[in-house]
Amino acid sequence: MDAHCHIWALDRGDYGWLDRSNPAFGPIAQDFGVRDLSERLDQAQIGRAIVVQAAPTLAETHWLLAQARGCKTIAGIVGWADLTQPDIGATLRTLAGHPALRGIRPMLQDITPDDWLLTAPHSGWVQAMQDNDLRFDALVLPQHLDTLLRFCARHPDLPVVIDHAAKPALSAPRDDPRHGLWREGMMRLARDTGACCKLSGLLTELAPADLPKARDILFPVMDALLDWFGPARLMWGSDWPVLRLAGSYRGWHALFATWLAQLPDADRAQITGQTAARFFGVQP
């Protein structure tokens, strides 16, 4: 199972972060639908996928749920909702009426201040998430990890997964303070909370010049995450099609498979599908 990927239709008009006029976004400045995703999954012999929101709008969440209707490729949807609204409970109940909805993700990496998660959302949203059997995808950066740790401590019964391993600053100089924030924050989250972690989005955190050294850079990071979280709390994801900014689906899957080869069969099975199926409550 691919625990983290996207589909989008740009003419819908709510992907503000994806600037089609910027040449850097060229590889992803086009529509990607269920058929495109299914082709990548088939090539990698992956059965199903969790599709995650890419626009901070209810309209996109409803569109994703419509794409999932009757679709065997999509195991579940992680959508978006405005957690600050007083009627967030009713909104989540309505969204959860669709069986494909498995979680909610605010785009925390783009929100200021860094402690927004503790101060801005409506007081009833966590209980509404739990009442509707929803999970929380934490799209965070290293500077958010202390906030996330405090949030998880306050709400130990809410299932939380850290997207893209909190985006470690893989191409930054050794003295960059984000390295310490990431290592300390992820170690504490693994030790002191029940949060899971997605091994996704890591390739795109490398600068183009570092891509030839991807194995040397990424394998120690994944080794550390495995040591901290264990296979029962790790799940593989592609972050396709954002992945196209750095490489191909086939290439990232092959690189990850090389790392996985060192592990026992039972551990590989958890990371490549069982953890995601269990966390999101979907069929493996």
# chains A, B, ... in the order shown; residues from 1 in each chain; ligands from 1
>>> residues_around(residues="Trp8 in chain A", least_positions_apart="3", cutoff="8 Å", atoms="only C-alpha atoms", output="MDAnalysis selection string")
chainID A and resid 31:33 54
>>> closest_atom_pairs(of="range 179-223 of chain A", to="range 146-170 of chain A", cutoff="7 Å", atoms="only C-alpha atoms", output="tab-separated table")
residue	atom	partner	partner_atom	distance
A:His179	CA	A:Ala169	CA	6.5
A:Trp182	CA	A:Pro168	CA	6.2
A:Gly185	CA	A:Asp146	CA	6.2
A:Leu189	CA	A:Leu149	CA	5.9
A:Thr193	CA	A:Cys152	CA	6.4
A:Ala195	CA	A:Val160	CA	5.0
A:Cys196	CA	A:Val161	CA	4.5
A:Cys197	CA	A:Ile162	CA	4.6
A:Lys198	CA	A:Asp163	CA	5.2
A:Leu199	CA	A:His164	CA	5.7
A:Ser200	CA	A:His164	CA	4.5
A:Gly201	CA	A:His164	CA	4.8
A:Leu202	CA	A:His164	CA	6.2
A:Glu205	CA	A:Leu170	CA	6.1
A:Leu206	CA	A:Leu170	CA	5.8
>>> closest_residue(among="A:Val34, A:Asp11, A:Val52, A:Thr84", to="Thr119 in chain A", atoms="only C-alpha atoms")
A:Thr84
>>> select_by_dssp(residues="range 47-253 of chain A", states="alpha helix (DSSP H)", output="PyMOL selection string")
chain A and resi 58-68+88-96+116-119+125-131+145-154+177-192+214-229+249-253
>>> residues_around(residues="Pro56 in chain A", least_positions_apart="3", cutoff="10 Å", atoms="only C-alpha atoms", output="PyMOL selection string")
chain A and resi 14-16+53+59-61+79-82+105-107
>>> atom_distance(atom1="CA of Leu117 in chain A", atom2="CA of Gly103 in chain A")
16.0 Å
>>> residues_around(residues="Leu181 in chain A", least_positions_apart="6", cutoff="8 Å", atoms="only C-alpha atoms", output="list in words")
Pro142, Gln143 and Leu145 of chain A
>>> write_last_selection(atoms="N, CA and C atoms", output="compact mmCIF listing (two decimals), in the first residue's frame")
# COMPACT_ATOMS: atom_id res chain seq x y z
N PRO A 142 10.59 20.56 10.93
CA PRO A 142 11.28 20.37 12.22
C PRO A 142 10.88 21.38 13.29
N GLN A 143 10.62 22.63 12.93
CA GLN A 143 10.28 23.64 13.93
C GLN A 143 8.91 23.44 14.56
N LEU A 145 7.87 20.37 15.62
CA LEU A 145 7.84 19.09 16.33
C LEU A 145 7.59 19.25 17.82
>>> select_by_dssp(residues="range 96-265 of chain A", states="strand (DSSP E or B)", output="list in words")
Leu101, Arg102, Gly103, Ile104, Arg135, Phe136, Asp137, Ala138, Val160, Val161, Ile162, Cys196, Cys197, Lys198, Leu199, Leu234, Met235, Trp236 and Trp240 of chain A
>>> write_last_selection(atoms="N, CA and C atoms", output="PDB file, in the first residue's frame")
ATOM      1  N   LEU A 101     -13.474   8.449   3.595  1.00  0.00           N
ATOM      2  CA  LEU A 101     -12.726   9.431   4.383  1.00  0.00           C
ATOM      3  C   LEU A 101     -12.119   8.754   5.601  1.00  0.00           C
ATOM      4  N   ARG A 102     -10.789   8.823   5.702  1.00  0.00           N
ATOM      5  CA  ARG A 102     -10.087   8.177   6.813  1.00  0.00           C
ATOM      6  C   ARG A 102      -9.343   9.164   7.688  1.00  0.00           C
ATOM      7  N   GLY A 103      -9.153  10.397   7.231  1.00  0.00           N
ATOM      8  CA  GLY A 103      -8.410  11.344   8.042  1.00  0.00           C
ATOM      9  C   GLY A 103      -8.554  12.765   7.539  1.00  0.00           C
ATOM     10  N   ILE A 104      -7.975  13.686   8.323  1.00  0.00           N
ATOM     11  CA  ILE A 104      -7.979  15.112   8.009  1.00  0.00           C
ATOM     12  C   ILE A 104      -6.554  15.631   8.119  1.00  0.00           C
ATOM     13  N   ARG A 135      -8.415   9.960  11.484  1.00  0.00           N
ATOM     14  CA  ARG A 135      -7.004  10.085  11.848  1.00  0.00           C
ATOM     15  C   ARG A 135      -6.503  11.474  11.492  1.00  0.00           C
ATOM     16  N   PHE A 136      -5.372  11.846  12.101  1.00  0.00           N
ATOM     17  CA  PHE A 136      -4.797  13.171  11.880  1.00  0.00           C
ATOM     18  C   PHE A 136      -3.444  13.035  11.192  1.00  0.00           C
ATOM     19  N   ASP A 137      -3.323  13.593   9.981  1.00  0.00           N
ATOM     20  CA  ASP A 137      -2.046  13.647   9.274  1.00  0.00           C
ATOM     21  C   ASP A 137      -1.362  14.963   9.624  1.00  0.00           C
ATOM     22  N   ALA A 138      -0.162  14.882  10.185  1.00  0.00           N
ATOM     23  CA  ALA A 138       0.579  16.065  10.614  1.00  0.00           C
ATOM     24  C   ALA A 138       1.623  16.429   9.562  1.00  0.00           C
ATOM     25  N   VAL A 160      -2.326   9.753  15.203  1.00  0.00           N
ATOM     26  CA  VAL A 160      -1.538  10.780  14.508  1.00  0.00           C
ATOM     27  C   VAL A 160      -0.452  10.101  13.687  1.00  0.00           C
ATOM     28  N   VAL A 161      -0.264  10.582  12.465  1.00  0.00           N
ATOM     29  CA  VAL A 161       0.862  10.132  11.651  1.00  0.00           C
ATOM     30  C   VAL A 161       1.612  11.356  11.148  1.00  0.00           C
ATOM     31  N   ILE A 162       2.922  11.289  11.180  1.00  0.00           N
ATOM     32  CA  ILE A 162       3.781  12.404  10.775  1.00  0.00           C
ATOM     33  C   ILE A 162       4.105  12.244   9.289  1.00  0.00           C
ATOM     34  N   CYS A 196       2.610   7.590  14.529  1.00  0.00           N
ATOM     35  CA  CYS A 196       3.274   6.847  13.459  1.00  0.00           C
ATOM     36  C   CYS A 196       4.015   7.828  12.553  1.00  0.00           C
ATOM     37  N   CYS A 197       4.748   7.291  11.595  1.00  0.00           N
ATOM     38  CA  CYS A 197       5.572   8.124  10.719  1.00  0.00           C
ATOM     39  C   CYS A 197       5.533   7.582   9.298  1.00  0.00           C
ATOM     40  N   LYS A 198       5.358   8.486   8.334  1.00  0.00           N
ATOM     41  CA  LYS A 198       5.390   8.109   6.922  1.00  0.00           C
ATOM     42  C   LYS A 198       6.797   8.303   6.360  1.00  0.00           C
ATOM     43  N   LEU A 199       7.312   7.256   5.755  1.00  0.00           N
ATOM     44  CA  LEU A 199       8.577   7.329   5.028  1.00  0.00           C
ATOM     45  C   LEU A 199       8.255   7.753   3.594  1.00  0.00           C
ATOM     46  N   LEU A 234       5.867   2.586  11.202  1.00  0.00           N
ATOM     47  CA  LEU A 234       6.375   3.186   9.974  1.00  0.00           C
ATOM     48  C   LEU A 234       5.554   2.714   8.793  1.00  0.00           C
ATOM     49  N   MET A 235       5.328   3.607   7.826  1.00  0.00           N
ATOM     50  CA  MET A 235       4.613   3.235   6.606  1.00  0.00           C
ATOM     51  C   MET A 235       5.241   3.929   5.407  1.00  0.00           C
ATOM     52  N   TRP A 236       5.318   3.192   4.296  1.00  0.00           N
ATOM     53  CA  TRP A 236       5.924   3.729   3.084  1.00  0.00           C
ATOM     54  C   TRP A 236       4.894   4.518   2.275  1.00  0.00           C
ATOM     55  N   TRP A 240       3.815  10.808  -4.644  1.00  0.00           N
ATOM     56  CA  TRP A 240       3.578  11.057  -6.060  1.00  0.00           C
ATOM     57  C   TRP A 240       2.309  11.891  -6.201  1.00  0.00           C
TER      58      TRP A 240
END
>>> residues_around(residues="Ala90 in chain A", least_positions_apart="4", cutoff="10 Å", atoms="only C-alpha atoms", output="number ranges by chain")
A: 86, 94-96, 125, 128
>>> write_last_selection(atoms="N, CA and C atoms", output="PDB file, in the first residue's frame")
ATOM      1  N   PRO A  86     -16.527  27.143  14.292  1.00  0.00           N
ATOM      2  CA  PRO A  86     -17.343  26.620  15.401  1.00  0.00           C
ATOM      3  C   PRO A  86     -18.169  25.396  15.028  1.00  0.00           C
ATOM      4  N   THR A  94     -20.443  15.232   8.557  1.00  0.00           N
ATOM      5  CA  THR A  94     -20.900  15.148   7.173  1.00  0.00           C
ATOM      6  C   THR A  94     -19.863  14.474   6.289  1.00  0.00           C
ATOM      7  N   LEU A  95     -18.593  14.894   6.408  1.00  0.00           N
ATOM      8  CA  LEU A  95     -17.536  14.301   5.594  1.00  0.00           C
ATOM      9  C   LEU A  95     -17.363  12.822   5.906  1.00  0.00           C
ATOM     10  N   ALA A  96     -17.446  12.473   7.187  1.00  0.00           N
ATOM     11  CA  ALA A  96     -17.243  11.084   7.585  1.00  0.00           C
ATOM     12  C   ALA A  96     -18.396  10.191   7.160  1.00  0.00           C
ATOM     13  N   TRP A 125     -12.761  20.108  18.107  1.00  0.00           N
ATOM     14  CA  TRP A 125     -12.433  19.379  16.878  1.00  0.00           C
ATOM     15  C   TRP A 125     -11.807  18.005  17.135  1.00  0.00           C
ATOM     16  N   ALA A 128     -14.467  15.566  17.949  1.00  0.00           N
ATOM     17  CA  ALA A 128     -15.224  15.261  16.732  1.00  0.00           C
ATOM     18  C   ALA A 128     -14.457  14.291  15.840  1.00  0.00           C
TER      19      ALA A 128
END
>>> closest_residue(among="A:Ile46, A:Asp36, A:Gly194, A:Gly247", to="Pro208 in chain A", atoms="only C-alpha atoms")
A:Gly247
>>> closest_residue(among="A:Leu83, A:Ala49, A:Leu211, A:Met1", to="Leu37 in chain A", atoms="only C-alpha atoms")
A:Ala49
>>> atom_distance(atom1="CA of Cys71 in chain A", atom2="CA of Leu108 in chain A")
28.9 Å
>>> closest_residue(among="A:Trp17, A:Ala277, A:Arg48, A:Thr57", to="Gln109 in chain A", atoms="only C-alpha atoms")
A:Trp17
>>> atom_distance(atom1="CA of Leu255 in chain A", atom2="CA of Thr204 in chain A")
13.5 Å
>>> residues_around(residues="His98 in chain A", least_positions_apart="6", cutoff="10 Å", atoms="only C-alpha atoms", output="PyMOL selection string")
chain A and resi 62+65-66+68-69+77
